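**Student:** You'll find coords.cif just under this line, and it carries mmCIF, C-alpha atoms and all ligand atoms.
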data_work
loop_
_atom_site.group_PDB
_atom_site.id
_atom_site.type_symbol
_atom_site.label_atom_id
_atom_site.label_comp_id
_atom_site.auth_asym_id
_atom_site.auth_seq_id
_atom_site.Cartn_x
_atom_site.Cartn_y
_atom_site.Cartn_z
ATOM 1 C CA MET U 1 0.000 0.000 0.000
ATOM 2 C CA ASP U 2 1.247 3.433 -0.927
ATOM 3 C CA LEU U 3 0.322 6.045 1.677
ATOM 4 C CA ASP U 4 1.796 8.821 -0.473
ATOM 5 C CA THR U 5 -0.828 8.139 -3.120
ATOM 6 C CA TYR U 6 -3.534 8.226 -0.460
ATOM 7 C CA HIS U 7 -2.271 11.557 0.886
ATOM 8 C CA LYS U 8 -2.093 13.013 -2.573
ATOM 9 C CA ILE U 9 -5.660 11.985 -3.415
ATOM 10 C CA VAL U 10 -7.004 13.299 -0.104
ATOM 11 C CA SER U 11 -5.206 16.616 -0.462
ATOM 12 C CA GLN U 12 -6.713 17.177 -3.912
ATOM 13 C CA LEU U 13 -10.296 16.254 -3.069
ATOM 14 C CA PRO U 14 -12.844 19.064 -2.955
ATOM 15 C CA ASN U 15 -14.298 19.481 0.570
ATOM 16 C CA SER U 16 -17.690 18.356 -0.660
ATOM 17 C CA VAL U 17 -16.446 14.858 -1.551
ATOM 18 C CA THR U 18 -16.302 11.982 0.970
ATOM 19 C CA LEU U 19 -13.739 9.283 0.259
ATOM 20 C CA ILE U 20 -14.669 5.672 0.990
ATOM 21 C CA ALA U 21 -11.618 3.399 1.178
ATOM 22 C CA VAL U 22 -12.862 0.115 -0.288
ATOM 23 C CA SER U 23 -11.150 -2.487 1.867
ATOM 24 C CA LYS U 24 -12.636 -5.766 0.614
ATOM 25 C CA GLY U 25 -9.872 -8.332 0.202
ATOM 26 C CA GLN U 26 -7.456 -6.143 2.186
ATOM 27 C CA SER U 27 -5.891 -6.903 5.554
ATOM 28 C CA ILE U 28 -6.796 -5.508 8.962
ATOM 29 C CA ASP U 29 -3.229 -4.128 9.162
ATOM 30 C CA LYS U 30 -3.623 -2.052 6.028
ATOM 31 C CA ILE U 31 -6.969 -0.717 7.190
ATOM 32 C CA LEU U 32 -5.413 0.301 10.514
ATOM 33 C CA LYS U 33 -2.643 2.182 8.727
ATOM 34 C CA LEU U 34 -5.214 4.288 6.923
ATOM 35 C CA TYR U 35 -7.254 4.678 10.082
ATOM 36 C CA ASN U 36 -4.204 6.012 11.899
ATOM 37 C CA ASP U 37 -3.853 8.501 9.076
ATOM 38 C CA GLY U 38 -7.374 9.770 9.699
ATOM 39 C CA GLN U 39 -9.480 7.697 7.297
ATOM 40 C CA ARG U 40 -12.870 6.854 8.856
ATOM 41 C CA HIS U 41 -15.040 5.594 5.983
ATOM 42 C CA PHE U 42 -14.408 2.079 4.679
ATOM 43 C CA GLY U 43 -16.346 -0.090 2.219
ATOM 44 C CA GLU U 44 -16.926 -3.847 2.190
ATOM 45 C CA ASN U 45 -18.802 -6.236 -0.125
ATOM 46 C CA PHE U 46 -19.356 -9.361 1.969
ATOM 47 C CA GLU U 47 -21.272 -9.723 5.224
ATOM 48 C CA GLN U 48 -18.844 -12.098 6.955
ATOM 49 C CA GLU U 49 -15.789 -10.071 6.035
ATOM 50 C CA LEU U 50 -17.524 -6.898 7.220
ATOM 51 C CA THR U 51 -18.565 -8.450 10.538
ATOM 52 C CA HIS U 52 -15.079 -9.832 11.165
ATOM 53 C CA LYS U 53 -13.343 -6.546 10.404
ATOM 54 C CA LYS U 54 -15.813 -4.491 12.368
ATOM 55 C CA GLU U 55 -15.190 -6.651 15.453
ATOM 56 C CA ASN U 56 -11.430 -6.280 15.146
ATOM 57 C CA LEU U 57 -11.093 -2.596 14.321
ATOM 58 C CA PRO U 58 -11.826 0.712 16.101
ATOM 59 C CA LYS U 59 -15.485 1.397 16.822
ATOM 60 C CA ASP U 60 -15.602 4.824 15.231
ATOM 61 C CA ILE U 61 -15.127 3.502 11.701
ATOM 62 C CA ASN U 62 -18.117 4.101 9.423
ATOM 63 C CA TRP U 63 -18.694 0.956 7.362
ATOM 64 C CA HIS U 64 -20.325 1.162 3.951
ATOM 65 C CA PHE U 65 -21.856 -1.924 2.401
ATOM 66 C CA LEU U 66 -21.256 -2.207 -1.353
ATOM 67 C CA GLY U 67 -21.969 -5.828 -2.280
ATOM 68 C CA ASN U 68 -24.797 -8.016 -3.449
ATOM 69 C CA MET U 69 -27.201 -8.791 -0.657
ATOM 70 C CA GLN U 70 -28.783 -12.108 0.182
ATOM 71 C CA THR U 71 -32.063 -11.463 1.939
ATOM 72 C CA ASN U 72 -31.188 -13.776 4.862
ATOM 73 C CA LYS U 73 -28.205 -11.578 5.743
ATOM 74 C CA LEU U 74 -29.926 -8.221 5.763
ATOM 75 C CA LYS U 75 -30.306 -8.002 9.527
ATOM 76 C CA LYS U 76 -26.568 -8.452 10.079
ATOM 77 C CA ILE U 77 -25.631 -6.162 7.231
ATOM 78 C CA SER U 78 -27.910 -3.398 8.438
ATOM 79 C CA SER U 79 -26.719 -3.598 12.036
ATOM 80 C CA SER U 80 -23.066 -3.337 10.944
ATOM 81 C CA SER U 81 -23.419 -0.645 8.289
ATOM 82 C CA TYR U 82 -23.388 3.116 8.492
ATOM 83 C CA LEU U 83 -24.710 3.254 4.923
ATOM 84 C CA ILE U 84 -25.910 0.462 2.636
ATOM 85 C CA GLN U 85 -25.053 1.625 -0.882
ATOM 86 C CA SER U 86 -25.970 -1.343 -3.055
ATOM 87 C CA VAL U 87 -29.734 -1.764 -2.774
ATOM 88 C CA SER U 88 -30.699 -2.929 -6.249
ATOM 89 C CA ARG U 89 -33.784 -5.107 -5.792
ATOM 90 C CA LYS U 90 -37.269 -4.298 -4.563
ATOM 91 C CA LYS U 91 -37.329 -7.428 -2.430
ATOM 92 C CA VAL U 92 -34.240 -6.235 -0.530
ATOM 93 C CA LEU U 93 -35.747 -2.808 -0.031
ATOM 94 C CA ASP U 94 -39.005 -4.299 1.264
ATOM 95 C CA LYS U 95 -37.183 -6.575 3.679
ATOM 96 C CA LEU U 96 -34.945 -3.805 4.972
ATOM 97 C CA ASN U 97 -38.028 -1.707 5.570
ATOM 98 C CA ASN U 98 -39.713 -4.585 7.390
ATOM 99 C CA LEU U 99 -36.804 -5.017 9.792
ATOM 100 C CA ASN U 100 -38.374 -2.061 11.556
ATOM 101 C CA GLU U 101 -35.125 -0.894 13.122
ATOM 102 C CA LYS U 102 -35.577 1.776 15.771
ATOM 103 C CA LYS U 103 -33.038 3.973 14.080
ATOM 104 C CA ALA U 104 -33.789 4.325 10.370
ATOM 105 C CA ILE U 105 -31.418 2.412 8.080
ATOM 106 C CA ASN U 106 -29.642 4.728 5.641
ATOM 107 C CA VAL U 107 -29.541 3.425 2.082
ATOM 108 C CA LEU U 108 -28.591 4.444 -1.422
ATOM 109 C CA LEU U 109 -30.480 3.003 -4.369
ATOM 110 C CA GLN U 110 -28.168 1.539 -6.990
ATOM 111 C CA TYR U 111 -28.925 2.863 -10.456
ATOM 112 C CA LYS U 112 -27.863 0.670 -13.344
ATOM 113 C CA LEU U 113 -25.509 2.397 -15.754
ATOM 114 C CA GLY U 114 -24.938 0.881 -19.191
ATOM 115 C CA ASN U 115 -26.120 -2.522 -20.377
ATOM 116 C CA GLU U 116 -23.755 -5.075 -18.894
ATOM 117 C CA ASP U 117 -25.645 -8.175 -17.723
ATOM 118 C CA THR U 118 -23.258 -8.672 -14.822
ATOM 119 C CA LYS U 119 -24.125 -5.370 -13.195
ATOM 120 C CA SER U 120 -27.183 -4.948 -11.029
ATOM 121 C CA GLY U 121 -29.252 -1.869 -10.399
ATOM 122 C CA PHE U 122 -32.660 -0.295 -10.789
ATOM 123 C CA SER U 123 -33.881 1.392 -13.954
ATOM 124 C CA ARG U 124 -34.836 5.055 -13.860
ATOM 125 C CA ALA U 125 -38.547 4.230 -13.545
ATOM 126 C CA GLU U 126 -37.879 1.781 -10.709
ATOM 127 C CA ILE U 127 -35.793 4.331 -8.828
ATOM 128 C CA ILE U 128 -38.577 6.909 -9.024
ATOM 129 C CA GLU U 129 -41.221 4.368 -8.044
ATOM 130 C CA ASN U 130 -39.287 2.985 -5.059
ATOM 131 C CA HIS U 131 -38.273 6.413 -3.872
ATOM 132 C CA GLU U 132 -41.953 7.440 -3.900
ATOM 133 C CA ARG U 133 -42.902 4.293 -2.035
ATOM 134 C CA TYR U 134 -40.391 4.726 0.766
ATOM 135 C CA LYS U 135 -39.684 8.426 1.055
ATOM 136 C CA ASN U 136 -41.847 8.706 4.173
ATOM 137 C CA SER U 137 -40.759 5.457 5.812
ATOM 138 C CA ASN U 138 -39.640 5.596 9.440
ATOM 139 C CA SER U 139 -37.452 2.506 9.285
ATOM 140 C CA LEU U 140 -35.678 3.189 6.008
ATOM 141 C CA LYS U 141 -34.141 6.432 4.796
ATOM 142 C CA ILE U 142 -33.157 6.734 1.143
ATOM 143 C CA ILE U 143 -30.435 9.377 1.043
ATOM 144 C CA GLY U 144 -29.233 9.132 -2.548
ATOM 145 C CA LEU U 145 -27.971 7.069 -5.451
ATOM 146 C CA MET U 146 -24.990 4.823 -6.153
ATOM 147 C CA GLY U 147 -23.719 3.905 -9.609
ATOM 148 C CA ILE U 148 -20.938 1.905 -11.230
ATOM 149 C CA ALA U 149 -19.936 3.042 -14.710
ATOM 150 C CA GLU U 150 -19.681 0.405 -17.411
ATOM 151 C CA ASN U 151 -16.182 -0.967 -17.959
ATOM 152 C CA SER U 152 -15.181 1.304 -20.752
ATOM 153 C CA THR U 153 -12.014 2.833 -22.031
ATOM 154 C CA GLU U 154 -13.946 5.605 -23.699
ATOM 155 C CA GLU U 155 -13.957 8.622 -21.462
ATOM 156 C CA LYS U 156 -16.948 10.144 -23.230
ATOM 157 C CA ARG U 157 -19.049 7.060 -22.571
ATOM 158 C CA THR U 158 -18.221 7.040 -18.863
ATOM 159 C CA GLN U 159 -18.890 10.751 -18.668
ATOM 160 C CA ASN U 160 -22.314 10.360 -20.274
ATOM 161 C CA GLN U 161 -23.240 7.664 -17.779
ATOM 162 C CA PHE U 162 -22.192 9.844 -14.848
ATOM 163 C CA LYS U 163 -24.213 12.740 -16.269
ATOM 164 C CA GLU U 164 -27.238 10.486 -16.562
ATOM 165 C CA ILE U 165 -27.147 9.418 -12.900
ATOM 166 C CA ALA U 166 -26.359 12.972 -11.741
ATOM 167 C CA GLN U 167 -29.464 14.211 -13.512
ATOM 168 C CA LEU U 168 -31.683 11.629 -11.838
ATOM 169 C CA TYR U 169 -30.055 12.450 -8.493
ATOM 170 C CA ASN U 170 -30.816 16.148 -8.930
ATOM 171 C CA GLU U 171 -34.415 15.358 -9.829
ATOM 172 C CA LEU U 172 -34.900 13.400 -6.609
ATOM 173 C CA LYS U 173 -33.052 16.013 -4.589
ATOM 174 C CA SER U 174 -35.368 18.748 -5.839
ATOM 175 C CA LYS U 175 -38.376 16.997 -4.293
ATOM 176 C CA ASP U 176 -36.880 15.372 -1.162
ATOM 177 C CA GLU U 177 -34.625 17.082 1.361
ATOM 178 C CA ASN U 178 -33.266 13.721 2.610
ATOM 179 C CA ILE U 179 -31.468 13.203 -0.704
ATOM 180 C CA SER U 180 -27.864 14.267 -0.164
ATOM 181 C CA THR U 181 -25.484 11.640 -1.530
ATOM 182 C CA LEU U 182 -24.364 10.809 -5.060
ATOM 183 C CA SER U 183 -21.897 7.929 -4.831
ATOM 184 C CA ILE U 184 -20.083 7.585 -8.154
ATOM 185 C CA GLY U 185 -16.414 7.195 -9.010
ATOM 186 C CA MET U 186 -13.944 4.352 -8.465
ATOM 187 C CA SER U 187 -10.162 4.005 -8.917
ATOM 188 C CA SER U 188 -10.254 4.367 -12.691
ATOM 189 C CA ASP U 189 -12.846 7.116 -13.081
ATOM 190 C CA TYR U 190 -13.164 9.183 -9.902
ATOM 191 C CA ASN U 191 -11.974 12.439 -11.463
ATOM 192 C CA LEU U 192 -14.645 12.219 -14.147
ATOM 193 C CA ALA U 193 -17.209 11.399 -11.467
ATOM 194 C CA ILE U 194 -16.293 14.463 -9.394
ATOM 195 C CA GLU U 195 -16.570 16.651 -12.485
ATOM 196 C CA SER U 196 -20.073 15.243 -12.952
ATOM 197 C CA GLY U 197 -21.216 16.078 -9.420
ATOM 198 C CA SER U 198 -20.174 13.122 -7.276
ATOM 199 C CA ASN U 199 -19.918 13.823 -3.555
ATOM 200 C CA MET U 200 -18.851 10.310 -2.554
ATOM 201 C CA ILE U 201 -16.113 8.297 -4.258
ATOM 202 C CA ARG U 202 -15.241 4.653 -3.579
ATOM 203 C CA LEU U 203 -11.572 3.857 -4.054
ATOM 204 C CA GLY U 204 -10.014 0.415 -3.615
ATOM 205 C CA THR U 205 -7.014 -0.584 -5.675
ATOM 206 C CA VAL U 206 -5.642 2.904 -6.268
ATOM 207 C CA ILE U 207 -5.156 3.254 -2.490
ATOM 208 C CA PHE U 208 -4.577 -0.287 -1.249
ATOM 209 C CA GLY U 209 -3.009 -1.968 -4.255
ATOM 210 C CA LYS U 210 -4.313 -5.239 -5.671
ATOM 211 C CA ARG U 211 -6.908 -7.230 -3.721
ATOM 212 C CA LYS U 212 -6.351 -10.783 -2.463
HETATM 213 C C1 LIG U 301 -14.833 -3.029 -5.298
HETATM 214 C C2 LIG U 301 -15.703 -1.855 -5.450
HETATM 215 C C3 LIG U 301 -15.157 -0.550 -5.524
HETATM 216 C C4 LIG U 301 -13.658 -0.260 -5.569
HETATM 217 O O1 LIG U 301 -13.133 -0.593 -6.817
HETATM 218 P P1 LIG U 301 -11.656 -0.121 -7.281
HETATM 219 O O2 LIG U 301 -11.684 -0.269 -8.757
HETATM 220 O O3 LIG U 301 -10.701 -1.076 -6.619
HETATM 221 O O4 LIG U 301 -11.457 1.266 -6.844
HETATM 222 C C5 LIG U 301 -16.048 0.514 -5.585
HETATM 223 N N1 LIG U 301 -17.376 0.338 -5.594
HETATM 224 C C6 LIG U 301 -17.940 -0.901 -5.530
HETATM 225 C C7 LIG U 301 -19.424 -1.027 -5.542
HETATM 226 C C8 LIG U 301 -17.123 -2.028 -5.475
HETATM 227 O O5 LIG U 301 -17.682 -3.239 -5.447
#
Take the structure from the file and write it as structure tokens.
**Tutor:**
Amino acid sequence: MDLDTYHKIVSQLPNSVTLIAVSKGQSIDKILKLYNDGQRHFGENFEQELTHKKENLPKDINWHFLGNMQTNKLKKISSSSYLIQSVSRKKVLDKLNNLNEKKAINVLLQYKLGNEDTKSGFSRAEIIENHERYKNSNSLKIIGLMGIAENSTEEKRTQNQFKEIAQLYNELKSKDENISTLSIGMSSDYNLAIESGSNMIRLGTVIFGKRK
């Protein structure tokens, strides 16, 4: 892991942008190094890995859940997460709502960018419909959108996808004051994402190096 790269990225980030260090497949030691440097937001994709790391690391870390969710693990995921970013199915949303947690669970709806079959996410119509359905829920609070740009080497294509999600985000924001978070941008495209209005970027390999 290269802390100089981390420092450089942090020093160049606009104040409005929160950096999530995506620590899936990375060791507790590496996470602690970043923690000791001030990093407090980390992202994980698997429930067991999240639970294990949360138990063995400082309590004031904010954990973000970024992975696919099996409905039988939602209780554990929601109790360990500061923000669940990868809600991409209505069934998951319904079940999270039905957990009836005393403190509302914060979630982002994942919007599907591009056409790759391997990527999940709601369509535009589904986002609007589910936001309407749950915007007044007491057990679930939708605070924004998350997106993953299609694997593409064409900058223009990535840029267009980020513009598309930013537009939908702004539409929701104009009618709901809870909407505050647009999570787009990963190691390969975070500068483009910030230019398009991202206020939360999720960086793994560029900070930590390759995953195990
Ligand atoms: C793994 C992952 C990241 C980090 O990806 P890098 O390319 O390593 O920066 C970001 N967002 C999500 C949803 C991920 O699953």
**Student:** Extract, using all atoms listed in the file, all DNA, RNA and protein residues at most 8 Å from segment 152-161 of chain U, discarding same-chain residues fewer than 3 positions from it, and format them as a list in words.
**Tutor:**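 With the cut-off at 8 Å, the set is Leu113, Gly114, Ala149, Glu164, Ile165, Asp189, Leu192, Ala193 and Ser196 of chain U.
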**Student:** Compare U:Ser79, U:Asn45, U:Asn191, U:Asn138 by their minimum atom-to-atom distance to ligand LIG 301 (chain U), counting only C-alpha atoms and all ligand atoms, and give me the closest one.
**Tutor:** U:Asn45
**Student:** Please expand the PyMOL selection byres (((chain U and resi 34) around 10) and not hetatm) into the concrete residues it hits in this file, giving the result as a PDB file with C-alpha atoms, in the coordinates of the input.
**Tutor:**
ATOM      1  CA  MET U   1       0.000   0.000   0.000  1.00  0.00           C
ATOM      2  CA  LEU U   3       0.322   6.045   1.677  1.00  0.00           C
ATOM      3  CA  TYR U   6      -3.534   8.226  -0.460  1.00  0.00           C
ATOM      4  CA  HIS U   7      -2.271  11.557   0.886  1.00  0.00           C
ATOM      5  CA  ALA U  21     -11.618   3.399   1.178  1.00  0.00           C
ATOM      6  CA  ASP U  29      -3.229  -4.128   9.162  1.00  0.00           C
ATOM      7  CA  LYS U  30      -3.623  -2.052   6.028  1.00  0.00           C
ATOM      8  CA  ILE U  31      -6.969  -0.717   7.190  1.00  0.00           C
ATOM      9  CA  LEU U  32      -5.413   0.301  10.514  1.00  0.00           C
ATOM     10  CA  LYS U  33      -2.643   2.182   8.727  1.00  0.00           C
ATOM     11  CA  TYR U  35      -7.254   4.678  10.082  1.00  0.00           C
ATOM     12  CA  ASN U  36      -4.204   6.012  11.899  1.00  0.00           C
ATOM     13  CA  ASP U  37      -3.853   8.501   9.076  1.00  0.00           C
ATOM     14  CA  GLY U  38      -7.374   9.770   9.699  1.00  0.00           C
ATOM     15  CA  GLN U  39      -9.480   7.697   7.297  1.00  0.00           C
ATOM     16  CA  ARG U  40     -12.870   6.854   8.856  1.00  0.00           C
ATOM     17  CA  HIS U  41     -15.040   5.594   5.983  1.00  0.00           C
ATOM     18  CA  PHE U  42     -14.408   2.079   4.679  1.00  0.00           C
ATOM     19  CA  ILE U 207      -5.156   3.254  -2.490  1.00  0.00           C
ATOM     20  CA  PHE U 208      -4.577  -0.287  -1.249  1.00  0.00           C
TER      21      PHE U 208
END
**Student:** Would you mind listing what lies within 10 Å of Ala166 of chain U as a ChimeraX atom specification, with all atoms listed in the file counted and same-chain residues fewer than 4 positions away left out?
**Tutor:** /U:145-147,160-162,170-172,182-184,193,196-198
**Student:** Restrict the selected residues to C-alpha atoms and save them as a compact mmCIF listing (two decimals), keeping the file's coordinate frame.
**Tutor:**
# COMPACT_ATOMS: atom_id res chain seq x y z
CA LEU U 145 -27.97 7.07 -5.45
CA MET U 146 -24.99 4.82 -6.15
CA GLY U 147 -23.72 3.90 -9.61
CA ASN U 160 -22.31 10.36 -20.27
CA GLN U 161 -23.24 7.66 -17.78
CA PHE U 162 -22.19 9.84 -14.85
CA ASN U 170 -30.82 16.15 -8.93
CA GLU U 171 -34.42 15.36 -9.83
CA LEU U 172 -34.90 13.40 -6.61
CA LEU U 182 -24.36 10.81 -5.06
CA SER U 183 -21.90 7.93 -4.83
CA ILE U 184 -20.08 7.58 -8.15
CA ALA U 193 -17.21 11.40 -11.47
CA SER U 196 -20.07 15.24 -12.95
CA GLY U 197 -21.22 16.08 -9.42
CA SER U 198 -20.17 13.12 -7.28
**Student:** Could you work out an axis-aligned box for segment 61-80 of chain U, taking every atom the file lists and adding 3 Å on each side, and report centre and edge lengths in Å to one decimal, as JSON?
**Tutor:**
{"center_x": -23.6, "center_y": -4.8, "center_z": 4.3, "size_x": 22.9, "size_y": 23.9, "size_z": 21.5}
**Student:** I'd like the contact shell of Phe122 of chain U - 9 Å cut-off, all atoms listed in the file, skipping same-chain residues fewer than 2 positions apart - returned as a list in words.
**Tutor:** Val87, Ser88, Arg89, Lys90, Leu109, Gln110, Tyr111, Lys112, Ser120, Arg124, Ala125, Glu126 and Ile127 of chain U
**Student:** For a test of reading the model, state the distance in Å between atom O4 of ligand LIG 301 (chain U) and atom CA of Gly67 of chain U, rounded to one decimal.
**Tutor:**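 So the answer is 13.5 Å.
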**Student:** Quick one: residues within 9 Å of Thr51 of chain U, all atoms listed in the file counted, chain neighbours fewer than 6 positions away excluded, as a list in words?
**Tutor:**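 Contacts, in chain order: Lys76, Ile77 and Ser80 of chain U.
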**Student:** Return as number ranges by chain the residues of protein, DNA or RNA that approach ligand LIG 301 (chain U) to within 8 Å, with only C-alpha atoms and all ligand atoms taken into account.
**Tutor:** U: 21-22, 24, 43-45, 66-67, 85-86, 147-148, 185-188, 201-207, 210-211
**Student:** So, counting only C-alpha atoms, which residue among U:Ala104, U:Leu96, U:Ile84, U:Leu57 is closest to Asn72 of chain U?
**Tutor:** U:Leu96
**Student:** Which is closer to Lys91 of chain U than all the others in U:Leu50, U:Val107, U:Ile143, U:Leu74, using only C-alpha atoms?
**Tutor:**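 Between U:Leu50, U:Val107, U:Ile143, U:Leu74, the residue approaching Lys91 of chain U most closely is U:Leu74.
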**Student:** Using the atoms already present, construct N, CA and C atoms for segment 25-43 of chain U and hand them back as a CSV table (one decimal), keeping the file's coordinate frame.
**Tutor:**
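Full text of result-v3.csv as output:
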chain,number,residue,atom,x,y,z
U,25,GLY,N,-11.1,-7.6,0.6
U,25,GLY,CA,-9.9,-8.3,0.2
U,25,GLY,C,-8.6,-7.7,0.7
U,26,GLN,N,-8.7,-6.8,1.6
U,26,GLN,CA,-7.5,-6.1,2.2
U,26,GLN,C,-7.3,-6.5,3.7
U,27,SER,N,-6.1,-6.4,4.2
U,27,SER,CA,-5.9,-6.9,5.6
U,27,SER,C,-6.3,-5.9,6.6
U,28,ILE,N,-6.5,-6.4,7.8
U,28,ILE,CA,-6.8,-5.5,9.0
U,28,ILE,C,-5.6,-4.5,9.2
U,29,ASP,N,-4.4,-5.0,9.0
U,29,ASP,CA,-3.2,-4.1,9.2
U,29,ASP,C,-3.3,-2.9,8.3
U,30,LYS,N,-3.6,-3.2,7.0
U,30,LYS,CA,-3.6,-2.1,6.0
U,30,LYS,C,-4.7,-1.1,6.4
U,31,ILE,N,-5.9,-1.6,6.8
U,31,ILE,CA,-7.0,-0.7,7.2
U,31,ILE,C,-6.6,0.2,8.4
U,32,LEU,N,-5.9,-0.5,9.3
U,32,LEU,CA,-5.4,0.3,10.5
U,32,LEU,C,-4.4,1.4,10.1
U,33,LYS,N,-3.6,1.1,9.2
U,33,LYS,CA,-2.6,2.2,8.7
U,33,LYS,C,-3.4,3.4,8.2
U,34,LEU,N,-4.4,3.2,7.4
U,34,LEU,CA,-5.2,4.3,6.9
U,34,LEU,C,-6.0,5.0,8.0
U,35,TYR,N,-6.5,4.1,8.9
U,35,TYR,CA,-7.3,4.7,10.1
U,35,TYR,C,-6.4,5.6,10.9
U,36,ASN,N,-5.1,5.2,11.1
U,36,ASN,CA,-4.2,6.0,11.9
U,36,ASN,C,-3.8,7.3,11.2
U,37,ASP,N,-4.1,7.3,9.9
U,37,ASP,CA,-3.9,8.5,9.1
U,37,ASP,C,-5.1,9.4,9.0
U,38,GLY,N,-6.2,9.0,9.7
U,38,GLY,CA,-7.4,9.8,9.7
U,38,GLY,C,-8.6,9.3,8.9
U,39,GLN,N,-8.4,8.2,8.1
U,39,GLN,CA,-9.5,7.7,7.3
U,39,GLN,C,-10.6,7.0,8.2
U,40,ARG,N,-11.8,7.4,8.0
U,40,ARG,CA,-12.9,6.9,8.9
U,40,ARG,C,-14.0,6.1,8.1
U,41,HIS,N,-14.0,6.3,6.8
U,41,HIS,CA,-15.0,5.6,6.0
U,41,HIS,C,-14.4,4.5,5.2
U,42,PHE,N,-14.9,3.2,5.4
U,42,PHE,CA,-14.4,2.1,4.7
U,42,PHE,C,-15.6,1.3,4.0
U,43,GLY,N,-15.3,0.6,2.9
U,43,GLY,CA,-16.3,-0.1,2.2
U,43,GLY,C,-16.0,-1.6,2.1
